[in-house]
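Raw contents of query_11.cif, mmCIF, C-alpha atoms:
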data_my_file
loop_
_atom_site.label_atom_id
_atom_site.label_comp_id
_atom_site.auth_asym_id
_atom_site.auth_seq_id
_atom_site.Cartn_x
_atom_site.Cartn_y
_atom_site.Cartn_z
CA MET P 1 -3.67 187.90 110.79
CA LYS P 2 0.03 188.56 110.92
CA CYS P 3 1.52 191.79 109.66
CA LYS P 4 3.50 191.58 106.41
CA CYS P 5 6.32 193.66 107.75
CA CYS P 6 6.70 191.36 110.76
CA CYS P 7 6.79 188.36 108.46
CA ASN P 8 9.35 190.07 106.26
CA ASN P 9 11.55 190.89 109.27
CA LYS P 10 11.43 187.31 110.51
CA THR P 11 12.21 186.01 107.05
CA GLU P 12 15.22 188.35 106.70
CA GLN P 13 16.48 187.37 110.15
CA THR P 14 16.15 183.69 109.24
CA GLU P 15 18.08 184.21 105.99
CA ILE P 16 20.82 186.13 107.83
CA LYS P 17 21.16 183.36 110.41
CA GLU P 18 21.31 180.72 107.66
CA ALA P 19 23.95 182.75 105.82
CA GLU P 20 25.97 183.11 109.01
CA SER P 21 25.60 179.40 109.63
CA ASP P 22 26.79 178.66 106.09
CA GLN P 23 29.83 180.96 106.58
CA VAL P 24 30.73 179.23 109.84
CA GLU P 25 30.38 175.83 108.16
CA GLN P 26 32.56 176.95 105.24
CA SER P 27 35.21 178.32 107.57
CA LYS P 28 35.22 175.02 109.47
CA ASN P 29 35.62 173.16 106.20
CA LEU P 30 38.52 175.44 105.22
CA ASP P 31 40.17 174.84 108.58
CA ASP P 32 39.77 171.10 108.14
CA VAL P 33 41.26 171.27 104.64
CA SER P 34 44.20 173.34 105.85
CA LYS P 35 44.86 170.80 108.59
CA GLU P 36 44.86 167.87 106.15
CA PRO P 37 48.36 166.87 104.93
CA GLN P 38 49.03 168.51 101.62
CA PRO P 39 50.80 166.59 98.86
CA PRO P 40 54.42 167.74 98.43
CA LYS P 41 54.93 170.36 95.79
CA LYS P 42 56.60 168.92 92.72
CA LYS P 43 59.97 170.51 92.12
CA ASN P 44 60.69 171.72 88.63
CA PHE P 45 63.34 170.14 86.41
CA PHE P 46 66.07 172.67 87.22
CA VAL P 47 65.74 172.14 90.98
CA ARG P 48 65.62 168.35 90.73
CA HIS P 49 68.61 168.19 88.38
CA LYS P 50 70.65 171.17 89.56
CA ILE P 51 73.98 169.30 89.43
CA LEU P 52 73.30 168.19 85.85
CA VAL P 53 72.20 171.71 84.91
CA ILE P 54 75.39 173.21 86.40
CA LEU P 55 77.56 170.63 84.61
CA ILE P 56 75.86 171.26 81.27
CA SER P 57 76.18 175.02 81.81
CA VAL P 58 79.91 174.70 82.45
CA ILE P 59 80.37 172.52 79.35
CA LEU P 60 78.39 174.98 77.24
CA ALA P 61 80.43 177.91 78.61
CA ILE P 62 83.68 176.11 77.74
CA GLY P 63 82.34 175.23 74.31
CA LEU P 64 81.28 178.83 73.74
CA ALA P 65 84.73 180.10 74.74
CA ILE P 66 86.42 177.62 72.38
CA GLY P 67 84.01 178.56 69.59
CA ILE P 68 84.71 182.28 69.99
CA ALA P 69 88.47 181.62 70.03
CA ALA P 70 88.16 179.53 66.86
CA ILE P 71 86.14 182.23 65.11
CA VAL P 72 88.62 184.94 66.08
CA ASP P 73 91.86 183.16 65.14
CA GLY P 74 91.10 179.59 64.06
CA VAL P 75 93.23 176.78 65.50
CA ASN P 76 95.77 179.28 66.80
CA GLY P 77 93.02 180.99 68.80
CA ILE P 78 92.09 177.70 70.47
CA LYS P 79 95.78 177.11 71.29
CA VAL P 80 96.10 180.60 72.79
CA LEU P 81 92.99 179.99 74.93
CA GLY P 82 94.35 176.63 76.08
CA ASP P 83 97.72 178.15 76.96
CA PHE P 84 95.99 180.95 78.91
CA ILE P 85 93.95 178.45 80.95
CA THR P 86 96.98 176.24 81.56
CA ASP P 87 99.47 179.00 82.37
CA GLN P 88 97.46 181.77 84.03
CA ILE P 89 94.40 180.10 85.58
CA LEU P 90 95.70 176.65 86.54
CA GLY P 91 99.44 177.32 86.46
CA MET P 92 99.13 180.74 88.19
CA LYS P 93 102.13 182.13 86.30
CA TRP P 94 100.95 185.59 87.33
CA LEU P 95 101.61 184.59 90.94
CA ASN P 96 105.17 183.55 90.10
CA MET P 97 105.72 186.92 88.38
CA LEU P 98 104.36 188.83 91.39
CA LEU P 99 106.54 186.83 93.79
CA GLY P 100 109.58 187.46 91.61
CA MET P 101 108.93 191.21 91.66
CA ALA P 102 108.34 191.21 95.43
CA PHE P 103 111.45 189.17 96.24
CA THR P 104 113.58 191.26 93.89
CA GLY P 105 112.43 194.37 95.74
CA MET P 106 113.15 192.77 99.11
CA PHE P 107 116.43 190.91 98.47
CA GLY P 108 117.79 192.54 95.32
CA GLU P 109 118.20 191.27 91.79
CA GLU P 110 121.65 189.85 92.47
CA PHE P 111 120.42 187.45 95.17
CA MET P 112 117.38 186.37 93.18
CA SER P 113 119.61 185.42 90.26
CA THR P 114 121.45 182.91 92.48
CA ARG P 115 120.43 179.30 93.02
CA TRP P 116 119.15 180.05 96.51
CA GLY P 117 117.01 182.89 95.24
CA GLY P 118 115.52 180.68 92.54
CA ALA P 119 114.96 177.84 95.02
CA ILE P 120 113.12 180.11 97.48
CA GLN P 121 110.87 181.51 94.77
CA PHE P 122 110.17 178.02 93.37
CA PHE P 123 109.34 176.67 96.84
CA ILE P 124 106.93 179.45 97.83
CA TYR P 125 105.28 179.69 94.41
CA ASP P 126 104.72 175.94 94.03
CA THR P 127 103.53 175.56 97.62
CA ILE P 128 100.90 178.31 97.29
CA LYS P 129 99.78 177.10 93.86
CA ILE P 130 99.37 173.46 94.87
CA MET P 131 97.72 174.27 98.21
CA VAL P 132 95.17 176.60 96.60
CA LEU P 133 94.32 174.22 93.76
CA LEU P 134 94.30 171.28 96.16
CA CYS P 135 91.74 172.90 98.50
CA LEU P 136 89.48 174.00 95.66
CA LEU P 137 89.60 170.66 93.89
CA ILE P 138 89.17 168.49 96.97
CA PHE P 139 86.17 170.59 98.01
CA LEU P 140 84.63 170.11 94.56
CA ILE P 141 85.46 166.39 94.36
CA SER P 142 84.15 165.77 97.89
CA TYR P 143 80.89 167.54 97.07
CA ILE P 144 80.49 165.22 94.07
CA GLN P 145 81.56 162.26 96.19
CA SER P 146 78.74 162.98 98.65
CA TYR P 147 76.37 161.64 95.98
CA PHE P 148 78.28 158.31 95.92
CA PRO P 149 78.40 156.89 99.49
CA PRO P 150 79.82 153.33 99.83
CA GLU P 151 76.36 151.72 99.92
CA ARG P 152 75.30 153.44 96.71
CA THR P 153 78.64 152.66 95.07
CA LYS P 154 78.22 148.97 95.88
CA LYS P 155 74.77 148.96 94.30
CA ILE P 156 76.12 150.67 91.16
CA LEU P 157 79.02 148.24 90.82
CA GLY P 158 76.75 145.25 91.43
CA LYS P 159 74.77 146.04 88.26
CA PHE P 160 77.75 145.49 85.94
CA HIS P 161 79.67 142.37 84.95
CA GLY P 162 82.86 141.47 83.09
CA ILE P 163 85.32 144.03 81.80
CA GLY P 164 82.55 146.64 81.78
CA ALA P 165 82.25 146.26 85.55
CA ASN P 166 86.02 146.66 85.88
CA ALA P 167 85.84 149.86 83.85
CA VAL P 168 83.10 151.22 86.12
CA GLY P 169 85.18 150.26 89.18
CA ALA P 170 88.18 152.12 87.78
CA LEU P 171 86.05 155.18 86.99
CA LEU P 172 84.53 155.21 90.47
CA GLY P 173 88.07 155.18 91.82
CA THR P 174 88.48 158.67 90.38
CA VAL P 175 85.91 160.15 92.82
CA THR P 176 87.13 158.42 95.97
CA PRO P 177 90.01 158.91 98.46
CA PHE P 178 93.27 160.47 97.43
CA CYS P 179 95.89 157.93 98.54
CA SER P 180 96.24 154.14 98.45
CA CYS P 181 96.03 153.74 102.26
CA SER P 182 92.62 155.42 102.23
CA SER P 183 91.43 153.18 99.38
CA ILE P 184 92.22 149.85 101.07
CA PRO P 185 89.41 149.97 103.69
CA ILE P 186 86.89 150.65 100.89
CA PHE P 187 88.44 147.80 98.87
CA MET P 188 87.89 145.50 101.87
CA GLY P 189 84.25 146.59 102.15
CA PHE P 190 83.64 145.95 98.44
CA THR P 191 85.22 142.47 98.73
CA ARG P 192 83.09 141.63 101.77
CA ALA P 193 79.98 142.76 99.85
CA GLY P 194 80.68 140.06 97.25
CA LEU P 195 81.86 142.22 94.34
CA SER P 196 84.19 140.48 91.89
CA SER P 197 87.95 140.68 92.35
CA GLY P 198 88.22 142.35 88.93
CA VAL P 199 86.04 145.25 90.09
CA THR P 200 87.69 145.61 93.51
CA PHE P 201 91.26 145.59 92.17
CA SER P 202 90.42 147.91 89.28
CA PHE P 203 89.10 150.29 91.94
CA LEU P 204 92.15 149.76 94.19
CA ILE P 205 94.63 150.53 91.39
CA SER P 206 92.69 153.49 90.01
CA SER P 207 91.80 155.24 93.26
CA PRO P 208 95.26 156.56 94.25
CA LEU P 209 96.42 157.03 90.65
CA VAL P 210 93.68 158.99 88.93
CA ASP P 211 91.26 161.66 90.08
CA LEU P 212 90.00 165.06 88.97
CA GLY P 213 92.45 166.83 91.28
CA ALA P 214 95.41 165.01 89.77
CA PHE P 215 94.20 165.83 86.27
CA ILE P 216 93.84 169.56 86.97
CA LEU P 217 97.16 169.83 88.81
CA LEU P 218 98.96 167.91 86.07
CA ALA P 219 97.40 170.20 83.48
CA SER P 220 98.60 173.23 85.46
CA VAL P 221 102.20 171.97 85.34
CA PHE P 222 102.57 169.97 82.12
CA GLY P 223 99.59 171.08 80.02
CA PHE P 224 96.47 169.20 78.99
CA PRO P 225 98.05 166.65 76.59
CA ILE P 226 100.21 165.04 79.29
CA ALA P 227 97.42 165.29 81.88
CA ILE P 228 94.98 163.51 79.55
CA VAL P 229 97.58 160.85 78.75
CA TYR P 230 98.22 160.24 82.46
CA VAL P 231 94.51 159.75 83.20
CA ILE P 232 94.00 157.42 80.23
CA VAL P 233 97.00 155.17 80.96
CA GLY P 234 96.08 155.10 84.66
CA LEU P 235 92.56 153.89 83.87
CA VAL P 236 93.83 151.36 81.31
CA LEU P 237 96.33 149.98 83.83
CA ALA P 238 93.58 149.70 86.46
CA ILE P 239 91.14 147.91 84.11
CA LEU P 240 93.76 145.50 82.72
CA GLY P 241 95.19 144.80 86.18
CA GLY P 242 91.77 144.01 87.62
CA THR P 243 90.86 141.84 84.62
CA ILE P 244 94.06 139.78 84.84
CA ILE P 245 93.64 139.23 88.59
CA GLU P 246 90.05 138.08 88.04
CA LYS P 247 90.68 135.84 85.02
CA THR P 248 93.71 134.08 86.55
CA GLY P 249 91.74 133.26 89.68
CA VAL P 250 94.27 134.73 92.11
CA GLY P 251 91.70 137.28 93.28
CA LYS P 252 90.18 134.69 95.62
CA HIS P 253 93.24 134.74 97.90
CA VAL P 254 92.01 137.30 100.39
CA ARG P 255 92.16 136.99 104.16
CA ASP P 256 89.41 134.86 105.73
CA PHE P 257 88.29 137.55 108.17
CA ILE P 258 87.23 139.77 105.24
CA LEU P 259 85.06 137.09 103.65
CA GLU P 260 83.57 135.99 106.98
CA GLY P 261 82.73 139.49 108.20
CA GLU P 262 79.16 140.68 108.35
CA ILE P 263 77.89 143.27 105.90
CA ALA P 264 76.33 146.24 107.61
CA GLU P 265 73.30 147.47 105.72
CA VAL P 266 72.95 151.18 106.30
CA GLU P 267 69.76 152.88 105.25
CA GLY P 268 70.54 155.77 102.93
CA VAL P 269 69.86 159.26 104.20
CA GLU P 270 69.26 162.04 101.71
CA LEU P 271 71.67 164.88 102.45
CA THR P 272 70.71 168.50 102.11
CA ARG P 273 72.88 170.95 100.21
CA LYS P 274 74.11 172.32 103.54
CA ASP P 275 75.08 168.81 104.65
CA ARG P 276 77.01 168.26 101.43
CA LEU P 277 78.85 171.57 101.79
CA ILE P 278 79.79 170.72 105.38
CA TYR P 279 80.96 167.28 104.27
CA ALA P 280 83.04 168.78 101.44
CA LYS P 281 84.62 171.29 103.84
CA ASP P 282 85.47 168.58 106.38
CA GLN P 283 86.97 166.37 103.67
CA MET P 284 89.03 169.28 102.35
CA LEU P 285 90.43 170.13 105.79
CA GLY P 286 90.99 166.47 106.68
CA THR P 287 92.85 165.74 103.45
CA LEU P 288 94.92 168.92 103.77
CA LYS P 289 95.99 167.93 107.30
CA LYS P 290 97.13 164.53 105.99
CA VAL P 291 99.00 165.64 102.87
CA TRP P 292 100.45 169.08 103.61
CA ILE P 293 103.75 167.66 104.89
CA TYR P 294 104.17 165.55 101.73
CA ILE P 295 103.49 168.58 99.58
CA LEU P 296 106.16 170.59 101.40
CA VAL P 297 108.66 167.72 101.12
CA GLY P 298 107.82 167.23 97.44
CA VAL P 299 108.15 170.94 96.69
CA GLY P 300 111.44 171.03 98.62
CA ILE P 301 112.85 168.13 96.59
CA GLY P 302 111.58 169.75 93.41
CA ALA P 303 113.25 173.05 94.33
CA ALA P 304 116.54 171.24 94.99
CA ILE P 305 116.38 169.36 91.68
CA HIS P 306 115.35 172.51 89.82
CA ASN P 307 118.10 174.77 91.17
CA PHE P 308 120.97 172.72 92.63
CA ILE P 309 121.32 169.45 90.72
CA PRO P 310 122.96 169.97 87.31
CA THR P 311 120.97 168.93 84.28
CA GLU P 312 123.87 166.72 83.15
CA TRP P 313 123.57 164.58 86.30
CA ILE P 314 119.84 164.10 85.84
CA GLN P 315 120.28 163.26 82.16
CA ALA P 316 123.04 160.76 82.98
CA VAL P 317 120.66 158.71 85.14
CA LEU P 318 117.15 159.48 83.89
CA GLY P 319 117.71 160.75 80.35
CA GLU P 320 115.23 159.38 77.80
CA ASP P 321 118.13 157.85 75.86
CA LYS P 322 119.06 155.67 78.87
CA TRP P 323 117.37 152.27 78.65
CA TYR P 324 117.37 151.86 82.43
CA SER P 325 115.80 155.25 83.28
CA VAL P 326 112.26 153.85 83.59
CA LEU P 327 113.48 150.99 85.81
CA VAL P 328 115.34 153.40 88.09
CA ALA P 329 112.35 155.75 88.37
CA SER P 330 109.99 152.87 89.16
CA VAL P 331 112.27 151.37 91.85
CA VAL P 332 113.07 154.75 93.44
CA GLY P 333 109.36 155.58 93.71
CA VAL P 334 108.30 152.48 95.67
CA PRO P 335 109.95 153.30 99.07
CA MET P 336 108.42 156.77 99.04
CA TYR P 337 105.03 157.46 100.60
CA ALA P 338 103.12 160.35 99.11
CA ASP P 339 99.94 160.97 97.21
CA ILE P 340 99.76 162.32 93.68
CA PHE P 341 99.92 165.92 94.94
CA GLY P 342 103.28 165.35 96.61
CA THR P 343 104.84 163.85 93.48
CA ILE P 344 103.86 166.64 91.09
CA PRO P 345 106.54 169.19 92.18
CA VAL P 346 109.26 166.53 91.78
CA ALA P 347 107.88 165.54 88.38
CA GLU P 348 107.77 169.21 87.38
CA ALA P 349 111.46 169.66 88.21
CA LEU P 350 112.43 166.45 86.38
CA PHE P 351 110.46 167.56 83.32
CA ALA P 352 112.29 170.91 83.33
CA LYS P 353 115.59 168.99 83.36
CA GLY P 354 114.64 167.10 80.19
CA VAL P 355 113.58 163.77 81.71
CA GLY P 356 111.28 161.77 79.41
CA VAL P 357 107.52 161.78 79.91
CA GLY P 358 107.44 157.99 80.27
CA THR P 359 110.06 158.05 83.03
CA ILE P 360 108.10 160.74 84.90
CA LEU P 361 104.83 158.79 84.59
CA SER P 362 106.54 155.64 85.89
CA PHE P 363 107.92 157.52 88.89
CA MET P 364 104.58 159.11 89.78
CA MET P 365 102.65 155.85 89.41
CA SER P 366 105.10 153.80 91.48
CA VAL P 367 104.96 156.35 94.32
CA THR P 368 101.16 156.53 94.42
CA ALA P 369 100.21 152.90 93.67
CA LEU P 370 103.07 150.92 95.23
CA SER P 371 104.26 152.81 98.29
CA LEU P 372 105.59 150.58 101.10
CA PRO P 373 103.03 151.71 103.74
CA SER P 374 100.12 150.88 101.44
CA LEU P 375 101.63 147.48 100.54
CA ILE P 376 102.08 146.67 104.24
CA MET P 377 98.43 147.58 104.89
CA LEU P 378 97.29 145.57 101.86
CA SER P 379 99.22 142.53 103.12
CA LYS P 380 96.87 142.44 106.13
CA ALA P 381 93.89 142.09 103.79
CA VAL P 382 95.19 139.69 101.09
CA LYS P 383 97.31 136.55 101.15
CA PRO P 384 100.97 136.57 99.94
CA LYS P 385 100.14 134.98 96.57
CA LEU P 386 97.61 137.68 95.69
CA LEU P 387 99.89 140.43 97.02
CA PHE P 388 102.74 139.16 94.82
CA TRP P 389 100.56 139.10 91.69
CA PHE P 390 99.16 142.54 92.45
CA ILE P 391 102.68 144.01 92.75
CA PHE P 392 103.93 142.09 89.71
CA ILE P 393 101.06 143.18 87.44
CA VAL P 394 101.22 146.84 88.50
CA VAL P 395 105.03 147.00 88.19
CA ILE P 396 105.00 145.44 84.72
CA GLY P 397 102.24 147.83 83.67
CA ILE P 398 104.07 150.89 85.00
CA ILE P 399 107.34 149.89 83.30
CA ALA P 400 105.56 149.19 79.99
CA ILE P 401 103.83 152.58 80.16
CA GLY P 402 107.18 154.25 80.83
CA TYR P 403 108.93 152.74 77.81
CA ILE P 404 105.98 153.30 75.46
CA PHE P 405 105.69 156.98 76.32
CA ASN P 406 109.43 157.56 76.25
CA ALA P 407 109.33 156.25 72.68
CA LEU P 408 106.54 158.77 71.97
CA ASN P 409 108.22 161.58 73.93
CA PHE P 410 108.54 163.73 70.78
CA LEU P 411 104.76 164.19 70.82
CA PHE P 412 104.85 166.01 74.18
CA VAL P 413 108.02 168.11 74.03
#
Represent the structure contained in this file as C-alpha cells.
Amino acid sequence: MKCKCCCNNKTEQTEIKEAESDQVEQSKNLDDVSKEPQPPKKKNFFVRHKILVILISVILAIGLAIGIAAIVDGVNGIKVLGDFITDQILGMKWLNMLLGMAFTGMFGEEFMSTRWGGAIQFFIYDTIKIMVLLCLLIFLISYIQSYFPPERTKKILGKFHGIGANAVGALLGTVTPFCSCSSIPIFMGFTRAGLSSGVTFSFLISSPLVDLGAFILLASVFGFPIAIVYVIVGLVLAILGGTIIEKTGVGKHVRDFILEGEIAEVEGVELTRKDRLIYAKDQMLGTLKKVWIYILVGVGIGAAIHNFIPTEWIQAVLGEDKWYSVLVASVVGVPMYADIFGTIPVAEALFAKGVGVGTILSFMMSVTALSLPSLIMLSKAVKPKLLFWFIFIVVIGIIAIGYIFNALNFLFV
C-alpha cells in the first residue's frame, strides 16, 4: 500500500508541472499573437481631417473677432477691425512708420522730405512687405497645392461637364502656378488627357490672374473691396473665355504633337506632413528665385511713379475721365513680363495718383495673362487660329472690365 503523503506529493508535483506547461503554452500563444499583423489603428476624426479642422477653426476665429467688434461698436467696429487687418497686418503700415523714423534719424528730416527720400523709403518698405507676404503665402498655397497633384486634378476635372466644369477649372487655377508660363505645361497635360477645351482654357486664363497670394497682397494695398472685385472678375473672365472657346469650336485647333502624345499614368503616393512641408518650402524658394527681379523692377517703377512723375501727367494719360485710358493700360501691359506680384507696386502707385480702378485692373490683367513670353510659348502648343481667338477674347474681356469698373469707380474711392 502506498503512503498518502507520497501520493499527495506526486499529485502536487503533477499539478505544478501541468500549470507550468499551461503557462508555457499561454506564453507561446501570446508570442504568436504578437507576431501576427495587427489591424491598423483607426485615426480619430480630428487627425483624419486636420486640414478641414484647421480651416474651420480659422473661420470661427475670424467670425468671433467680427462678432466681438460688432458687439463693441456695431458696423463701425467691423470697419475698424477690417482697417486694422488691412493696414497693420497685411499692409504693414507699422513697418513703414519704423523705416521713416530710422531713415529720418540717419539722413535727417530735410532729406526724407525730398523726392529721393520718399522714393528710397517707398522702395525698401514695399520690397520688404511684398517679399515677406509672398514667402508666407506661397508656402501656404504650396502646402494646399500638395493635395492637388496633376493626376488628382485631372480626375477632379473629369467628373464635371459644361459651364460647371469650366468654373471648376477656373477655381483650380487659383491653387496652381503663379505665372502664365508655368501654367502652359499643365494646360498641355490637361489637353492631352482629353479634358474639354472649355476647362483647359478656363484654367489657363485663371491660373496667372487669380490666386490666394494675389488676393491677400491686393487687400494689403487696396483693401478688401478691390481685392474681392479683382478675384471675381478674374474668375468670370476665365469661365466666359473658356466657354466661348469651347462653344465656338476653335478649341480643337491645338498642335498635333499634344493630341498624339502618350498619357503617363503615375500611381499616386500619399505624402506625409514632412513631405508636404518640404515641398512647400521648395516651391517657396523656387518661386522667389524666379520672381524677385520682377518684384524689384515693379517696386522701382512704382517708386518712380509715386515720387517723380507729377500727378497731372498721369491724369492726362490714364485719368478715369479719359476714354482711352483703359486701352492704353491694356496695350502697355502686354509687352511686359511679370507675375501678379510684380504688377502690384506699379498699380499701388497709379492708384495713389488717382488712376481709375478699372484702368488699374486692365493693366494688371494684361501683364499677367497676355505677356509676350507666355504668348510665344502658347503659340508652340496651339495653332494660329486658336491663339488669335484666345488673345481676342481675353483682350475684349479685359477692356470691358476696365470700362465697367471705371464707371463704378465711385464705389471704391
#### Entry: Distance query Asn409 in chain P at most 8 Å, all atoms listed in the file, self and fewer than 4 positions along chain excluded, as a list in words
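Everything that qualifies: Gly356, Val357, Gly358, Phe405 and Val413 of chain P.
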### Message
Selection in question (the file shown): the PyMOL selection byres ((chain P and resi 251-254) around 7). Which residues does it include, as a ChimeraX atom specification?
### Response
/P:197,245-246,249-250,255-256,381-383,386
### Task
Fewer than 3 positions away in the same chain doesn't count, so skip those; otherwise give me all residues within 10 Å of Leu296 in chain P, counting only C-alpha atoms, as a ChimeraX atom specification.
/P:123-124,126-127,130-131,291-293,299-302,342,345
How would the residues just picked look written out with C-alpha atoms as a CSV table (one decimal), keeping the file's coordinate frame?
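The resulting out.csv:
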chain,number,residue,atom,x,y,z
P,123,PHE,CA,109.3,176.7,96.8
P,124,ILE,CA,106.9,179.4,97.8
P,126,ASP,CA,104.7,175.9,94.0
P,127,THR,CA,103.5,175.6,97.6
P,130,ILE,CA,99.4,173.5,94.9
P,131,MET,CA,97.7,174.3,98.2
P,291,VAL,CA,99.0,165.6,102.9
P,292,TRP,CA,100.4,169.1,103.6
P,293,ILE,CA,103.8,167.7,104.9
P,299,VAL,CA,108.2,170.9,96.7
P,300,GLY,CA,111.4,171.0,98.6
P,301,ILE,CA,112.8,168.1,96.6
P,302,GLY,CA,111.6,169.8,93.4
P,342,GLY,CA,103.3,165.4,96.6
P,345,PRO,CA,106.5,169.2,92.2
### Gap from CA of Phe190 in chain P to CA of Gly241 in chain P - Å, one decimal
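CA of Phe190 in chain P sits 16.9 Å away from CA of Gly241 in chain P.
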#### Entry: Nearby residues (all atoms listed in the file) at most 9 Å from range 207-223 of chain P, same-chain spacing under 3 positions excluded, as a ChimeraX atom specification
/P:82-83,85-92,130,133-134,136-138,141,170-183,202-204,226-228,230-232,234-235,238,339-341,344-345,348,351,364-365,368-369
### Query
So, counting all atoms listed in the file, which residue among P:Leu240, P:Met188, P:Val355, P:Ala167 is closest to Ala316 in chain P?
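The closest residue to Ala316 in chain P is P:Val355.
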### Task
Provide the CA of Phe390 in chain P to CA of Lys159 in chain P distance in Å, to one decimal place.
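According to the coordinates, CA of Phe390 in chain P and CA of Lys159 in chain P are separated by 25.0 Å.
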Give me, as a Markdown table, the closest atom pair and its distance (Å, one decimal) for every residue of range 114-180 of chain P within a cut-off of 7 Å of range 282-290 of chain P, counting only C-alpha atoms, rows sorted by chain and rising number.
| residue | atom | partner | partner_atom | distance |
| --- | --- | --- | --- | --- |
| P:Cys135 | CA | P:Met284 | CA | 5.9 |
| P:Ile138 | CA | P:Met284 | CA | 5.4 |
| P:Phe139 | CA | P:Met284 | CA | 5.4 |
| P:Ser142 | CA | P:Gln283 | CA | 6.5 |
### Message
Between CA of Phe392 in chain P and CA of Val331 in chain P, what distance in Å does the model show, to one decimal?
### Response
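About the pair CA of Phe392 in chain P and CA of Val331 in chain P: they are 12.7 Å apart.
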Around range 198-207 of chain P, fit a box with edges along x, y and z, padding it by 6 Å on each side, then list its centre and edge lengths in Å to one decimal as JSON.
{"center_x": 90.3, "center_y": 148.8, "center_z": 91.6, "size_x": 20.6, "size_y": 24.9, "size_z": 17.3}
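Using only C-alpha atoms, the protein and nucleic acid residues lying no more than 12 Å from Gly118 in chain P, apart from those fewer than 5 places from it along its own chain, are Asn96, Leu99, Gly100, Phe103, Thr104, Phe107, Glu109, Glu110, Phe111, Met112, Ser113, Phe123, Ile124, Tyr125, Asp126, Gly302, Ala303, Ala304, Ile305, His306, Asn307 and Phe308 of chain P.
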#### Entry: Which of P:Arg115, P:Ala400, P:Ile163, P:Lys154 sits closest to Arg192 in chain P [using only C-alpha atoms]
P:Lys154
### Task
Kindly indicate which residue among P:Ile144, P:Val132, P:Ser57, P:Leu195 lies nearest to Tyr279 in chain P, using only C-alpha atoms for the distances.
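Smallest distance to Tyr279 in chain P is found for P:Ile144.
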### Query
Pick from P:Val395, P:Ala280, P:Ile258, P:Ile244: nearest to Ile186 in chain P, with only C-alpha atoms counted?
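Checking each of P:Val395, P:Ala280, P:Ile258, P:Ile244 against Ile186 in chain P, counting only C-alpha atoms, the winner is P:Ile258.
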### Task
Rank nothing, just name the residue among P:Ile309, P:Ile393, P:Val367, P:Lys353 nearest to Ala119 in chain P, using all atoms listed in the file.
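Between P:Ile309, P:Ile393, P:Val367, P:Lys353, the residue approaching Ala119 in chain P most closely is P:Ile309.
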